[in-house]
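K.L.:
First the structure, which I've put down as structure tokens, then a few questions once you've had a look.
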Amino acid sequence: MNLPGGGCAMRHGGVAPWRRGMVREMIVMALGAVLCGCNTWVEVANWAEDHQPWLGEYLDLKHGTPSHDTFGRVFSLLDGAVFERCFRQWISGVVGAASGVVAIDGKTLCGSRDGHNTALHMVSAFATDSGGCLGQEGTQGKGHEIEGIKALLGALTLKGCIVTIDAIGCQKDIAAQIVAAGGDYVLVVKDNQGGLSEAVQDFFDEGQRSGFGDTPLDCVETVEKNHGRLETRRYTWIPRLDWMERSMRSQWKKLAGVGMVERRREIGGQLSVERSFYIGSQGIDSAQTLAKAARGHWGVENQLHWVLDVVFREDDCRVRRGHAARNFSALRKFALSLLRQDTQYPKRSLHSRRQTADRNASYRASLLGLQPRG
């Protein structure tokens with residue numbers, strides 16, 4: 001595993017002797033501990049102490065293993081932005097180049113709130129095909145999420161990918177940034193783009209009332225039955241924009257069509273209907289492509305956010321000092337990516353794989369990519 005060492009920037013502070021060349025080893029210890037089920041610095045320090053003989057096979061451990069205070073202090077001083085760049089490099093080495101649908105979404109780290117300070121809000125890029133997190137950017141509160149999205153997009157290689165973002169990311173410059181990076185976009189349209197939202201919704205309303213005439217449209221429908229609930233999703237894609245004012249469509253880079261997803265849910269005889277509207281670039285050529293992108297984006301809640309909360313206990317984590325919350329978040333996501341790439345125990349749950357890594361030294365070393373010291 002190619003982990004960062006001296007390249008990780010650190011603020012000045014009392015972290016000797018770890019500050020003198022031992023940060024790399026602390027990162028390996030912390031990642032190994034998080035991989036094996038640890039969720040706090042106390043647990044990380046205890047795990048490192050318990051596994052010191054095993055760690056000594058791969059690390060120098062000149063100063064032994066650090067205390068939980070040292071772990072907390074060092075990771076609070078490591079520059080979060082630099083550490084996240086390192087994280088993206090690690091991920092690219094594990095999962096390779098991004099492909100398919102890349103869902104960008106934000107999540108607040110509830111336990112990171114420190115007094116009157118706003119809780120940290122992490123914007124993540126999630127590859128839905130591989131189940132890996134490609135990168136993250138930390139922002140102070142949801143109000144700064146757009147800046148985080150732009151920073152994250154600027155750090156990713158998106159050639160051949162379809163990028164999906166909820167309504168907050170439906171911005172002209174974000175669409176242009178995705179196209180410039182070689183990707184296509186599917187963006188949810190809501191009232192934050194009032195004129196565009198009104199035009200798209202009126203177009204579909206009129207089309208459903210009187211027909212779409214000679215306007216080409218592509219539709220696909222899925223039906224799911226589960227525990228007394230019947231849910232029908234109808235995806236409609238319109239690959240033509242001559243009905244939209246030229247001045248409006250020219251503002252969106254390579255805009256090629258609009259879409260609608262209608263969800264009809266029947267539960268206990270009660271029917272509810274929801275509609276969502278989308279815009280997409282030239283690579284979105286069918287309702288099936290729209291469906292893949294929309295389903296992929298919804299999946300980020302179950303495959304990333306839910307897993308971080310339930311398996312890694314993210315919302316219960318009280319790490320908050322300095323850069324520590326951002327850096328611990330990166331450790332969790334990297335551990336998740338390593339577990340998702342595992343082929344040795346594909347039928348075991350992620351929770352079970354964490355337990356297996358803690359019990360099985362060879363499995364743990366293979367996940368971390370460690371080689372014995374020469």
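Going through the structure tokens in order, the chains are called A, B, and so on, while each chain numbers its residues from 1 and the ligands are numbered from 1 in the order shown.
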Would you mind listing, for every residue of segment 244-321 of chain A within 6 Å of segment 229-234 of chain A, the two atoms forming the shortest contact and the distance between them in Å to one decimal, using only C-alpha atoms, sorted by chain and ascending residue number, as a Markdown table?
P.N.:
| residue | atom | partner | partner_atom | distance |
| --- | --- | --- | --- | --- |
| A:Val261 | CA | A:Arg234 | CA | 5.7 |
| A:Glu262 | CA | A:Arg234 | CA | 5.2 |
| A:Arg263 | CA | A:Arg233 | CA | 4.6 |
| A:Arg264 | CA | A:Thr232 | CA | 5.1 |
| A:Arg265 | CA | A:Glu231 | CA | 4.5 |
| A:Glu266 | CA | A:Leu230 | CA | 5.1 |
| A:Ile267 | CA | A:Arg229 | CA | 4.9 |
K.L.:
Using only all heavy atoms, please write the residues we just selected to a file, as a PDB file, in the first residue's frame.
P.N.:
ATOM      1  N   VAL A 261     -39.024  11.399 -13.801  1.00  0.00           N
ATOM      2  CA  VAL A 261     -39.232  10.119 -13.128  1.00  0.00           C
ATOM      3  C   VAL A 261     -40.492  10.252 -12.285  1.00  0.00           C
ATOM      4  O   VAL A 261     -40.576  11.130 -11.419  1.00  0.00           O
ATOM      5  CB  VAL A 261     -38.038   9.727 -12.243  1.00  0.00           C
ATOM      6  CG1 VAL A 261     -38.310   8.384 -11.571  1.00  0.00           C
ATOM      7  CG2 VAL A 261     -36.755   9.660 -13.067  1.00  0.00           C
ATOM      8  N   GLU A 262     -41.455   9.398 -12.572  1.00  0.00           N
ATOM      9  CA  GLU A 262     -42.710   9.386 -11.818  1.00  0.00           C
ATOM     10  C   GLU A 262     -42.757   8.121 -10.968  1.00  0.00           C
ATOM     11  O   GLU A 262     -42.647   7.011 -11.475  1.00  0.00           O
ATOM     12  CB  GLU A 262     -43.903   9.417 -12.766  1.00  0.00           C
ATOM     13  CG  GLU A 262     -45.253   9.521 -12.052  1.00  0.00           C
ATOM     14  CD  GLU A 262     -46.410   9.642 -13.027  1.00  0.00           C
ATOM     15  OE1 GLU A 262     -46.792   8.594 -13.593  1.00  0.00           O
ATOM     16  OE2 GLU A 262     -46.911  10.756 -13.230  1.00  0.00           O
ATOM     17  N   ARG A 263     -42.920   8.309  -9.665  1.00  0.00           N
ATOM     18  CA  ARG A 263     -42.980   7.184  -8.733  1.00  0.00           C
ATOM     19  C   ARG A 263     -44.388   7.088  -8.164  1.00  0.00           C
ATOM     20  O   ARG A 263     -44.876   8.007  -7.522  1.00  0.00           O
ATOM     21  CB  ARG A 263     -41.970   7.367  -7.600  1.00  0.00           C
ATOM     22  CG  ARG A 263     -40.556   7.628  -8.069  1.00  0.00           C
ATOM     23  CD  ARG A 263     -39.651   7.947  -6.876  1.00  0.00           C
ATOM     24  NE  ARG A 263     -38.337   8.395  -7.296  1.00  0.00           N
ATOM     25  CZ  ARG A 263     -38.025   9.642  -7.602  1.00  0.00           C
ATOM     26  NH1 ARG A 263     -38.973  10.577  -7.530  1.00  0.00           N
ATOM     27  NH2 ARG A 263     -36.817   9.963  -7.990  1.00  0.00           N
ATOM     28  N   ARG A 264     -45.005   5.942  -8.376  1.00  0.00           N
ATOM     29  CA  ARG A 264     -46.359   5.688  -7.856  1.00  0.00           C
ATOM     30  C   ARG A 264     -46.252   4.594  -6.801  1.00  0.00           C
ATOM     31  O   ARG A 264     -45.849   3.461  -7.089  1.00  0.00           O
ATOM     32  CB  ARG A 264     -47.292   5.264  -8.980  1.00  0.00           C
ATOM     33  CG  ARG A 264     -47.407   6.299 -10.109  1.00  0.00           C
ATOM     34  CD  ARG A 264     -48.251   5.769 -11.262  1.00  0.00           C
ATOM     35  NE  ARG A 264     -49.636   5.546 -10.869  1.00  0.00           N
ATOM     36  CZ  ARG A 264     -50.584   6.477 -10.938  1.00  0.00           C
ATOM     37  NH1 ARG A 264     -50.282   7.696 -11.377  1.00  0.00           N
ATOM     38  NH2 ARG A 264     -51.819   6.203 -10.585  1.00  0.00           N
ATOM     39  N   ARG A 265     -46.619   4.930  -5.556  1.00  0.00           N
ATOM     40  CA  ARG A 265     -46.546   3.975  -4.451  1.00  0.00           C
ATOM     41  C   ARG A 265     -47.940   3.666  -3.938  1.00  0.00           C
ATOM     42  O   ARG A 265     -48.729   4.581  -3.657  1.00  0.00           O
ATOM     43  CB  ARG A 265     -45.696   4.533  -3.308  1.00  0.00           C
ATOM     44  CG  ARG A 265     -44.244   4.781  -3.651  1.00  0.00           C
ATOM     45  CD  ARG A 265     -43.466   5.184  -2.404  1.00  0.00           C
ATOM     46  NE  ARG A 265     -42.062   5.480  -2.703  1.00  0.00           N
ATOM     47  CZ  ARG A 265     -41.600   6.672  -2.987  1.00  0.00           C
ATOM     48  NH1 ARG A 265     -42.432   7.709  -3.027  1.00  0.00           N
ATOM     49  NH2 ARG A 265     -40.315   6.855  -3.250  1.00  0.00           N
ATOM     50  N   GLU A 266     -48.223   2.383  -3.809  1.00  0.00           N
ATOM     51  CA  GLU A 266     -49.494   1.930  -3.235  1.00  0.00           C
ATOM     52  C   GLU A 266     -49.181   1.134  -1.981  1.00  0.00           C
ATOM     53  O   GLU A 266     -48.553   0.076  -2.032  1.00  0.00           O
ATOM     54  CB  GLU A 266     -50.257   1.059  -4.236  1.00  0.00           C
ATOM     55  CG  GLU A 266     -50.710   1.816  -5.490  1.00  0.00           C
ATOM     56  CD  GLU A 266     -51.493   0.927  -6.434  1.00  0.00           C
ATOM     57  OE1 GLU A 266     -52.410   0.224  -5.948  1.00  0.00           O
ATOM     58  OE2 GLU A 266     -51.174   0.915  -7.630  1.00  0.00           O
ATOM     59  N   ILE A 267     -49.641   1.643  -0.839  1.00  0.00           N
ATOM     60  CA  ILE A 267     -49.430   0.984   0.446  1.00  0.00           C
ATOM     61  C   ILE A 267     -50.759   0.965   1.186  1.00  0.00           C
ATOM     62  O   ILE A 267     -51.325   2.010   1.503  1.00  0.00           O
ATOM     63  CB  ILE A 267     -48.374   1.716   1.293  1.00  0.00           C
ATOM     64  CG1 ILE A 267     -47.061   1.862   0.520  1.00  0.00           C
ATOM     65  CG2 ILE A 267     -48.139   0.978   2.610  1.00  0.00           C
ATOM     66  CD1 ILE A 267     -46.006   2.662   1.250  1.00  0.00           C
TER      67      ILE A 267
END
K.L.:
Per DSSP on the backbone, what are the helix (DSSP H, G or I) residues of segment 19-249 of chain A, as number ranges by chain?
P.N.:
A: 23-35, 41-50, 52-55, 68-77, 80-95, 110-112, 142-154, 167-169, 172-180, 191-210, 246-249
K.L.:
From segment 83-329 of chain A, collect each residue whose DSSP state is strand (DSSP E) and return the set as number ranges by chain.
P.N.:
A: 101-108, 120-127, 132-140, 162-165, 184-189, 218-226, 229-238, 255-267, 270-281
K.L.:
Rounded to one decimal, what separation in Å do you get between atom CA of Glu43 of chain A and atom CA of Leu134 of chain A?
P.N.:
26.3 Å
K.L.:
Between A:Gly299, A:Gly228, A:Gly56, A:Pro239, which residue has the minimum interatomic distance to Gly268 of chain A, considering only C-alpha atoms?
P.N.:
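Looking at the shortest contact to Gly268 of chain A, the residue is A:Gly228.
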K.L.:
Show which residues sit within 12 Å of segment 204-207 of chain A, as a short mmCIF file (atom, residue, chain, number, x, y, z; two decimals) with all heavy atoms, in the first residue's frame. Count only C-alpha atoms, and ignore same-chain residues fewer than 2 positions away.
P.N.:
data_model
loop_
_atom_site.label_atom_id
_atom_site.label_comp_id
_atom_site.auth_asym_id
_atom_site.auth_seq_id
_atom_site.Cartn_x
_atom_site.Cartn_y
_atom_site.Cartn_z
N SER A 197 -36.75 25.17 -14.01
CA SER A 197 -37.69 24.23 -13.38
C SER A 197 -39.11 24.44 -13.90
O SER A 197 -39.81 23.48 -14.23
CB SER A 197 -37.64 24.42 -11.86
OG SER A 197 -38.61 23.61 -11.22
N GLU A 198 -39.52 25.68 -13.99
CA GLU A 198 -40.87 25.98 -14.47
C GLU A 198 -41.05 25.55 -15.92
O GLU A 198 -42.07 24.96 -16.29
CB GLU A 198 -41.16 27.47 -14.32
CG GLU A 198 -42.57 27.87 -14.72
CD GLU A 198 -42.83 29.35 -14.52
OE1 GLU A 198 -41.91 30.06 -14.04
OE2 GLU A 198 -43.95 29.80 -14.85
N ALA A 199 -40.04 25.79 -16.75
CA ALA A 199 -40.13 25.44 -18.17
C ALA A 199 -40.22 23.92 -18.35
O ALA A 199 -41.04 23.42 -19.14
CB ALA A 199 -38.92 25.98 -18.93
N VAL A 200 -39.39 23.17 -17.64
CA VAL A 200 -39.39 21.71 -17.78
C VAL A 200 -40.69 21.12 -17.25
O VAL A 200 -41.31 20.26 -17.89
CB VAL A 200 -38.17 21.11 -17.04
CG1 VAL A 200 -38.25 19.57 -17.04
CG2 VAL A 200 -36.87 21.57 -17.69
N GLN A 201 -41.14 21.58 -16.10
CA GLN A 201 -42.37 21.04 -15.53
C GLN A 201 -43.57 21.37 -16.40
O GLN A 201 -44.43 20.52 -16.63
CB GLN A 201 -42.58 21.59 -14.11
CG GLN A 201 -43.79 20.98 -13.41
CD GLN A 201 -43.82 21.32 -11.93
OE1 GLN A 201 -42.79 21.59 -11.33
NE2 GLN A 201 -45.01 21.29 -11.35
N ASP A 202 -43.65 22.60 -16.89
CA ASP A 202 -44.76 22.98 -17.78
C ASP A 202 -44.76 22.14 -19.05
O ASP A 202 -45.82 21.74 -19.55
CB ASP A 202 -44.67 24.46 -18.15
CG ASP A 202 -45.04 25.37 -16.99
OD1 ASP A 202 -45.57 24.86 -15.98
OD2 ASP A 202 -44.78 26.59 -17.09
N ARG A 209 -51.05 16.15 -20.72
CA ARG A 209 -52.44 16.51 -20.95
C ARG A 209 -52.86 16.30 -22.40
O ARG A 209 -53.92 15.74 -22.69
CB ARG A 209 -52.68 17.98 -20.56
CG ARG A 209 -52.81 18.24 -19.08
CD ARG A 209 -53.38 19.62 -18.81
NE ARG A 209 -52.53 20.67 -19.39
CZ ARG A 209 -51.58 21.30 -18.72
NH1 ARG A 209 -51.35 20.98 -17.46
NH2 ARG A 209 -50.86 22.23 -19.30
N SER A 210 -52.03 16.77 -23.32
CA SER A 210 -52.45 16.78 -24.72
C SER A 210 -51.56 15.97 -25.64
O SER A 210 -51.79 15.96 -26.86
CB SER A 210 -52.50 18.23 -25.22
OG SER A 210 -51.25 18.86 -25.05
N GLY A 211 -50.57 15.30 -25.08
CA GLY A 211 -49.67 14.51 -25.92
C GLY A 211 -48.45 15.32 -26.32
O GLY A 211 -48.48 16.56 -26.36
N PHE A 212 -47.40 14.64 -26.66
CA PHE A 212 -46.14 15.29 -27.00
C PHE A 212 -45.99 15.55 -28.50
O PHE A 212 -44.95 15.99 -28.96
CB PHE A 212 -44.97 14.43 -26.51
CG PHE A 212 -44.84 14.41 -25.00
CD1 PHE A 212 -45.44 13.40 -24.25
CD2 PHE A 212 -44.12 15.39 -24.34
CE1 PHE A 212 -45.31 13.37 -22.87
CE2 PHE A 212 -43.99 15.37 -22.96
CZ PHE A 212 -44.60 14.36 -22.22
N GLY A 213 -47.04 15.26 -29.26
CA GLY A 213 -47.00 15.52 -30.69
C GLY A 213 -45.89 14.73 -31.36
O GLY A 213 -45.72 13.54 -31.14
N ASP A 214 -45.10 15.42 -32.20
CA ASP A 214 -44.01 14.74 -32.90
C ASP A 214 -42.70 14.78 -32.12
O ASP A 214 -41.64 14.39 -32.64
CB ASP A 214 -43.80 15.36 -34.28
CG ASP A 214 -43.38 16.83 -34.21
OD1 ASP A 214 -43.43 17.40 -33.09
OD2 ASP A 214 -43.02 17.39 -35.25
N THR A 215 -42.77 15.25 -30.86
CA THR A 215 -41.56 15.26 -30.03
C THR A 215 -41.20 13.83 -29.65
O THR A 215 -42.02 13.13 -29.05
CB THR A 215 -41.77 16.09 -28.75
OG1 THR A 215 -42.10 17.44 -29.10
CG2 THR A 215 -40.52 16.09 -27.89
N PRO A 216 -40.00 13.37 -29.96
CA PRO A 216 -39.63 12.00 -29.62
C PRO A 216 -39.49 11.83 -28.12
O PRO A 216 -39.00 12.73 -27.43
CB PRO A 216 -38.30 11.81 -30.33
CG PRO A 216 -37.73 13.19 -30.44
CD PRO A 216 -38.91 14.10 -30.62
N LEU A 217 -39.96 10.71 -27.61
CA LEU A 217 -39.77 10.43 -26.20
C LEU A 217 -39.50 8.94 -26.02
O LEU A 217 -39.97 8.10 -26.79
CB LEU A 217 -40.96 10.86 -25.35
CG LEU A 217 -42.27 10.09 -25.45
CD1 LEU A 217 -43.08 10.30 -24.20
CD2 LEU A 217 -43.08 10.55 -26.66
N THR A 236 -39.03 8.81 -18.20
CA THR A 236 -39.28 9.38 -19.52
C THR A 236 -38.12 10.31 -19.90
O THR A 236 -37.73 11.18 -19.11
CB THR A 236 -40.59 10.18 -19.54
OG1 THR A 236 -41.67 9.33 -19.14
CG2 THR A 236 -40.87 10.73 -20.93
N TRP A 237 -37.59 10.10 -21.10
CA TRP A 237 -36.49 10.94 -21.57
C TRP A 237 -36.87 11.59 -22.90
O TRP A 237 -37.36 10.93 -23.81
CB TRP A 237 -35.23 10.10 -21.77
CG TRP A 237 -34.05 10.91 -22.23
CD1 TRP A 237 -33.43 10.85 -23.44
CD2 TRP A 237 -33.35 11.91 -21.48
NE1 TRP A 237 -32.39 11.75 -23.50
CE2 TRP A 237 -32.33 12.41 -22.30
CE3 TRP A 237 -33.52 12.43 -20.19
CZ2 TRP A 237 -31.46 13.41 -21.88
CZ3 TRP A 237 -32.66 13.43 -19.77
CH2 TRP A 237 -31.63 13.91 -20.60
N ILE A 238 -36.69 12.89 -22.99
CA ILE A 238 -36.99 13.67 -24.20
C ILE A 238 -35.66 14.15 -24.78
O ILE A 238 -35.02 15.07 -24.25
CB ILE A 238 -37.87 14.89 -23.88
CG1 ILE A 238 -39.12 14.48 -23.13
CG2 ILE A 238 -38.21 15.65 -25.17
CD1 ILE A 238 -40.13 13.70 -23.91
N TRP A 243 -38.31 22.93 -28.09
CA TRP A 243 -39.43 23.57 -27.39
C TRP A 243 -38.94 24.58 -26.35
O TRP A 243 -39.69 25.42 -25.87
CB TRP A 243 -40.29 22.52 -26.70
CG TRP A 243 -39.48 21.60 -25.81
CD1 TRP A 243 -38.89 20.43 -26.16
CD2 TRP A 243 -39.16 21.82 -24.43
NE1 TRP A 243 -38.21 19.90 -25.08
CE2 TRP A 243 -38.37 20.73 -24.01
CE3 TRP A 243 -39.48 22.82 -23.51
CZ2 TRP A 243 -37.88 20.61 -22.72
CZ3 TRP A 243 -38.99 22.71 -22.22
CH2 TRP A 243 -38.20 21.61 -21.85
N MET A 244 -37.66 24.49 -25.98
CA MET A 244 -37.09 25.35 -24.94
C MET A 244 -36.47 26.59 -25.58
O MET A 244 -35.89 26.52 -26.66
CB MET A 244 -36.02 24.59 -24.14
CG MET A 244 -35.44 25.38 -22.97
SD MET A 244 -34.09 24.48 -22.11
CE MET A 244 -35.02 23.15 -21.34
N VAL A 258 -34.18 16.41 -21.53
CA VAL A 258 -34.77 16.53 -20.20
C VAL A 258 -35.48 15.23 -19.88
O VAL A 258 -35.87 14.47 -20.78
CB VAL A 258 -35.77 17.71 -20.12
CG1 VAL A 258 -35.06 19.04 -20.33
CG2 VAL A 258 -36.90 17.54 -21.14
N GLY A 259 -35.64 14.96 -18.60
CA GLY A 259 -36.27 13.72 -18.20
C GLY A 259 -37.20 13.91 -17.02
O GLY A 259 -37.14 14.92 -16.31
N MET A 260 -38.05 12.92 -16.82
CA MET A 260 -38.96 12.91 -15.67
C MET A 260 -39.02 11.50 -15.12
O MET A 260 -39.04 10.51 -15.87
CB MET A 260 -40.37 13.36 -16.07
CG MET A 260 -41.35 13.38 -14.90
SD MET A 260 -43.02 13.90 -15.37
CE MET A 260 -43.57 12.46 -16.31
N VAL A 261 -39.02 11.40 -13.80
CA VAL A 261 -39.23 10.12 -13.13
C VAL A 261 -40.49 10.25 -12.29
O VAL A 261 -40.58 11.13 -11.42
CB VAL A 261 -38.04 9.73 -12.24
CG1 VAL A 261 -38.31 8.38 -11.57
CG2 VAL A 261 -36.76 9.66 -13.07
N GLU A 262 -41.45 9.40 -12.57
CA GLU A 262 -42.71 9.39 -11.82
C GLU A 262 -42.76 8.12 -10.97
O GLU A 262 -42.65 7.01 -11.48
CB GLU A 262 -43.90 9.42 -12.77
CG GLU A 262 -45.25 9.52 -12.05
CD GLU A 262 -46.41 9.64 -13.03
OE1 GLU A 262 -46.79 8.59 -13.59
OE2 GLU A 262 -46.91 10.76 -13.23
N ARG A 275 -43.05 13.19 -8.57
CA ARG A 275 -42.36 13.40 -9.84
C ARG A 275 -41.07 14.17 -9.61
O ARG A 275 -41.03 15.10 -8.80
CB ARG A 275 -43.24 14.17 -10.83
CG ARG A 275 -44.52 13.46 -11.25
CD ARG A 275 -45.19 14.16 -12.41
NE ARG A 275 -45.45 15.57 -12.15
CZ ARG A 275 -45.85 16.44 -13.07
NH1 ARG A 275 -46.01 16.06 -14.34
NH2 ARG A 275 -46.06 17.70 -12.76
N SER A 276 -40.03 13.76 -10.31
CA SER A 276 -38.76 14.47 -10.28
C SER A 276 -38.36 14.79 -11.71
O SER A 276 -38.63 14.00 -12.64
CB SER A 276 -37.66 13.61 -9.63
OG SER A 276 -37.98 13.31 -8.29
N PHE A 277 -37.71 15.93 -11.90
CA PHE A 277 -37.34 16.39 -13.24
C PHE A 277 -35.82 16.53 -13.34
O PHE A 277 -35.14 16.88 -12.36
CB PHE A 277 -38.02 17.71 -13.55
CG PHE A 277 -39.52 17.63 -13.47
CD1 PHE A 277 -40.19 18.01 -12.32
CD2 PHE A 277 -40.26 17.16 -14.55
CE1 PHE A 277 -41.57 17.92 -12.23
CE2 PHE A 277 -41.64 17.07 -14.48
CZ PHE A 277 -42.30 17.44 -13.32
N TYR A 278 -35.30 16.25 -14.54
CA TYR A 278 -33.86 16.19 -14.74
C TYR A 278 -33.47 16.88 -16.04
O TYR A 278 -34.27 16.96 -16.98
CB TYR A 278 -33.38 14.73 -14.82
CG TYR A 278 -33.64 13.91 -13.58
CD1 TYR A 278 -34.89 13.34 -13.34
CD2 TYR A 278 -32.63 13.69 -12.65
CE1 TYR A 278 -35.13 12.58 -12.21
CE2 TYR A 278 -32.85 12.92 -11.52
CZ TYR A 278 -34.11 12.37 -11.30
OH TYR A 278 -34.34 11.61 -10.18
#
K.L.:
My list of candidates is A:Phe312, A:Tyr185, A:Trp252, A:Phe126. Which is closest to Gly296 of chain A when distances are computed with only C-alpha atoms?
P.N.:
A:Phe126
K.L.:
Fewer than 4 positions away in the same chain doesn't count, so skip those; otherwise give me all residues within 10 Å of Trp54 of chain A, counting only C-alpha atoms, as a VMD selection string.
P.N.:
chain A and resid 48 50 58 to 59 361 365 372
K.L.:
I need the chosen residues saved as a compact mmCIF listing (two decimals), in the first residue's frame, with C-alpha atoms.
P.N.:
# COMPACT_ATOMS: atom_id res chain seq x y z
CA ALA A 48 -2.56 -0.81 17.99
CA ASP A 50 -2.87 -5.18 21.33
CA TYR A 58 5.55 -4.42 8.78
CA LEU A 59 6.45 -1.21 10.64
CA ALA A 361 -3.92 -11.58 10.43
CA ALA A 365 -2.51 -7.82 5.73
CA PRO A 372 6.87 -7.75 5.70
K.L.:
Mind checking which residues fall within 10 Å of segment 147-151 of chain A, counting only C-alpha atoms, ignoring those fewer than 2 positions away in the same chain, and posting them as a compact mmCIF listing (two decimals) with C-alpha atoms, in the first residue's frame?
P.N.:
# COMPACT_ATOMS: atom_id res chain seq x y z
CA ILE A 104 -22.01 13.23 -5.67
CA ASP A 105 -23.84 13.81 -2.44
CA GLY A 106 -23.30 15.37 0.97
CA HIS A 121 -20.44 18.45 6.15
CA MET A 122 -18.68 15.99 3.83
CA VAL A 123 -19.29 15.96 0.08
CA SER A 124 -18.43 12.56 -1.39
CA ALA A 125 -18.09 11.13 -4.89
CA GLN A 136 -14.39 13.68 -0.41
CA GLU A 137 -14.28 17.36 0.42
CA GLY A 138 -15.08 18.81 3.82
CA THR A 139 -17.22 21.94 4.21
CA GLN A 140 -18.51 23.76 7.26
CA LYS A 142 -24.58 22.43 4.08
CA GLY A 143 -24.61 26.07 3.02
CA HIS A 144 -21.11 25.65 1.59
CA GLU A 145 -21.84 22.42 -0.26
CA LEU A 153 -15.07 17.72 -9.31
CA GLY A 154 -11.82 19.54 -9.97
CA ALA A 155 -9.88 16.67 -8.40
CA LEU A 156 -11.56 13.76 -10.23
CA ILE A 165 -26.03 15.48 -8.30
CA ILE A 168 -28.16 21.85 -5.07
CA GLY A 169 -25.66 20.89 -7.77
CA ASP A 173 -20.80 26.24 -13.91
CA ILE A 174 -20.97 22.79 -12.32
CA GLN A 177 -17.04 21.66 -15.10
CA ILE A 178 -18.30 18.09 -15.52
K.L.:
Find the nearest atom pair between each residue of segment 46-139 of chain A and segment 314-338 of chain A for residues within 12 Å, count only C-alpha atoms, give distances in Å to one decimal, sort rows by chain and ascending number, and present the table as a Markdown table.
P.N.:
| residue | atom | partner | partner_atom | distance |
| --- | --- | --- | --- | --- |
| A:His68 | CA | A:Val319 | CA | 11.5 |
| A:Asp69 | CA | A:Arg321 | CA | 11.4 |
| A:Thr70 | CA | A:Ala324 | CA | 11.7 |
| A:Phe71 | CA | A:Ala324 | CA | 9.3 |
| A:Gly72 | CA | A:Ala324 | CA | 6.8 |
| A:Arg73 | CA | A:Ala324 | CA | 8.0 |
| A:Val74 | CA | A:Ala324 | CA | 8.2 |
| A:Phe75 | CA | A:Ala324 | CA | 5.0 |
| A:Ser76 | CA | A:Ala324 | CA | 4.1 |
| A:Leu77 | CA | A:His323 | CA | 6.2 |
| A:Leu78 | CA | A:His323 | CA | 6.5 |
| A:Asp79 | CA | A:His323 | CA | 6.4 |
| A:Gly80 | CA | A:His323 | CA | 5.3 |
| A:Ala81 | CA | A:Arg326 | CA | 8.6 |
| A:Val82 | CA | A:Asn327 | CA | 9.7 |
| A:Phe83 | CA | A:Asn327 | CA | 6.7 |
| A:Glu84 | CA | A:Ala330 | CA | 6.7 |
| A:Arg85 | CA | A:Ala330 | CA | 10.0 |
| A:Cys86 | CA | A:Ala330 | CA | 9.6 |
| A:Phe87 | CA | A:Ala330 | CA | 6.6 |
| A:Arg88 | CA | A:Phe334 | CA | 9.1 |
| A:Gln89 | CA | A:Phe334 | CA | 10.7 |
| A:Trp90 | CA | A:Phe334 | CA | 7.9 |
| A:Ile91 | CA | A:Phe334 | CA | 6.9 |
| A:Ser92 | CA | A:Ser337 | CA | 10.5 |
| A:Gly93 | CA | A:Leu338 | CA | 10.8 |
| A:Val94 | CA | A:Leu338 | CA | 7.4 |
| A:Val95 | CA | A:Ser337 | CA | 7.9 |
| A:Gly96 | CA | A:Ser337 | CA | 11.5 |
| A:Lys107 | CA | A:Asp315 | CA | 10.0 |
| A:Thr108 | CA | A:Asp315 | CA | 8.4 |
| A:Leu109 | CA | A:Asp315 | CA | 5.8 |
| A:Cys110 | CA | A:Asp315 | CA | 5.2 |
| A:Gly111 | CA | A:Arg318 | CA | 4.8 |
| A:Ser112 | CA | A:Arg320 | CA | 4.6 |
| A:Arg113 | CA | A:Arg320 | CA | 6.8 |
| A:Asp114 | CA | A:Arg320 | CA | 6.5 |
| A:Gly115 | CA | A:Arg320 | CA | 10.2 |
| A:Asn117 | CA | A:Arg320 | CA | 10.1 |
| A:Thr118 | CA | A:Arg320 | CA | 10.7 |
| A:Ala119 | CA | A:Arg320 | CA | 8.7 |
| A:Leu120 | CA | A:Ala325 | CA | 7.6 |
| A:His121 | CA | A:Arg326 | CA | 9.1 |
| A:Met122 | CA | A:Arg326 | CA | 7.8 |
| A:Val123 | CA | A:Arg326 | CA | 10.8 |
| A:Ser124 | CA | A:Lys333 | CA | 9.5 |
| A:Ala125 | CA | A:Lys333 | CA | 10.8 |
| A:Phe126 | CA | A:Lys333 | CA | 10.1 |
| A:Ala127 | CA | A:Ser337 | CA | 10.3 |
| A:Thr128 | CA | A:Ser337 | CA | 11.8 |
| A:Ser130 | CA | A:Ser337 | CA | 8.7 |
| A:Gly131 | CA | A:Ser337 | CA | 7.2 |
| A:Gly132 | CA | A:Ser337 | CA | 4.9 |
| A:Cys133 | CA | A:Lys333 | CA | 6.3 |
| A:Leu134 | CA | A:Ser337 | CA | 8.9 |
| A:Gly135 | CA | A:Ala330 | CA | 8.2 |
| A:Gln136 | CA | A:Ala330 | CA | 7.4 |
| A:Glu137 | CA | A:Arg326 | CA | 8.3 |
| A:Gly138 | CA | A:Arg326 | CA | 6.4 |
| A:Thr139 | CA | A:Arg326 | CA | 9.3 |
K.L.:
Could you check the closest approach to Gln288 of chain A for each of A:Val179, A:Ala30, A:Cys219, A:Leu35 and tell me which residue wins, using only C-alpha atoms?
P.N.:
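Closest to Gln288 of chain A, using only C-alpha atoms: A:Cys219.
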K.L.:
With distances taken over only C-alpha atoms, which of A:Leu271, A:Glu49, A:Pro66, A:Asp242 is nearest to Ile27 of chain A?
P.N.:
A:Pro66
K.L.:
Give me, please, the distance in Å between atom CA of Ile146 of chain A and atom CA of Asp191 of chain A, quoted to one decimal.
P.N.:
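Distance between the two atoms: 15.9 Å.
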K.L.:
Determine the nearest neighbour of Ala98 of chain A from the options A:Thr164, A:Ser286, A:Thr157, A:Ser247, counting only C-alpha atoms.
P.N.:
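Closest to Ala98 of chain A, using only C-alpha atoms: A:Thr157.
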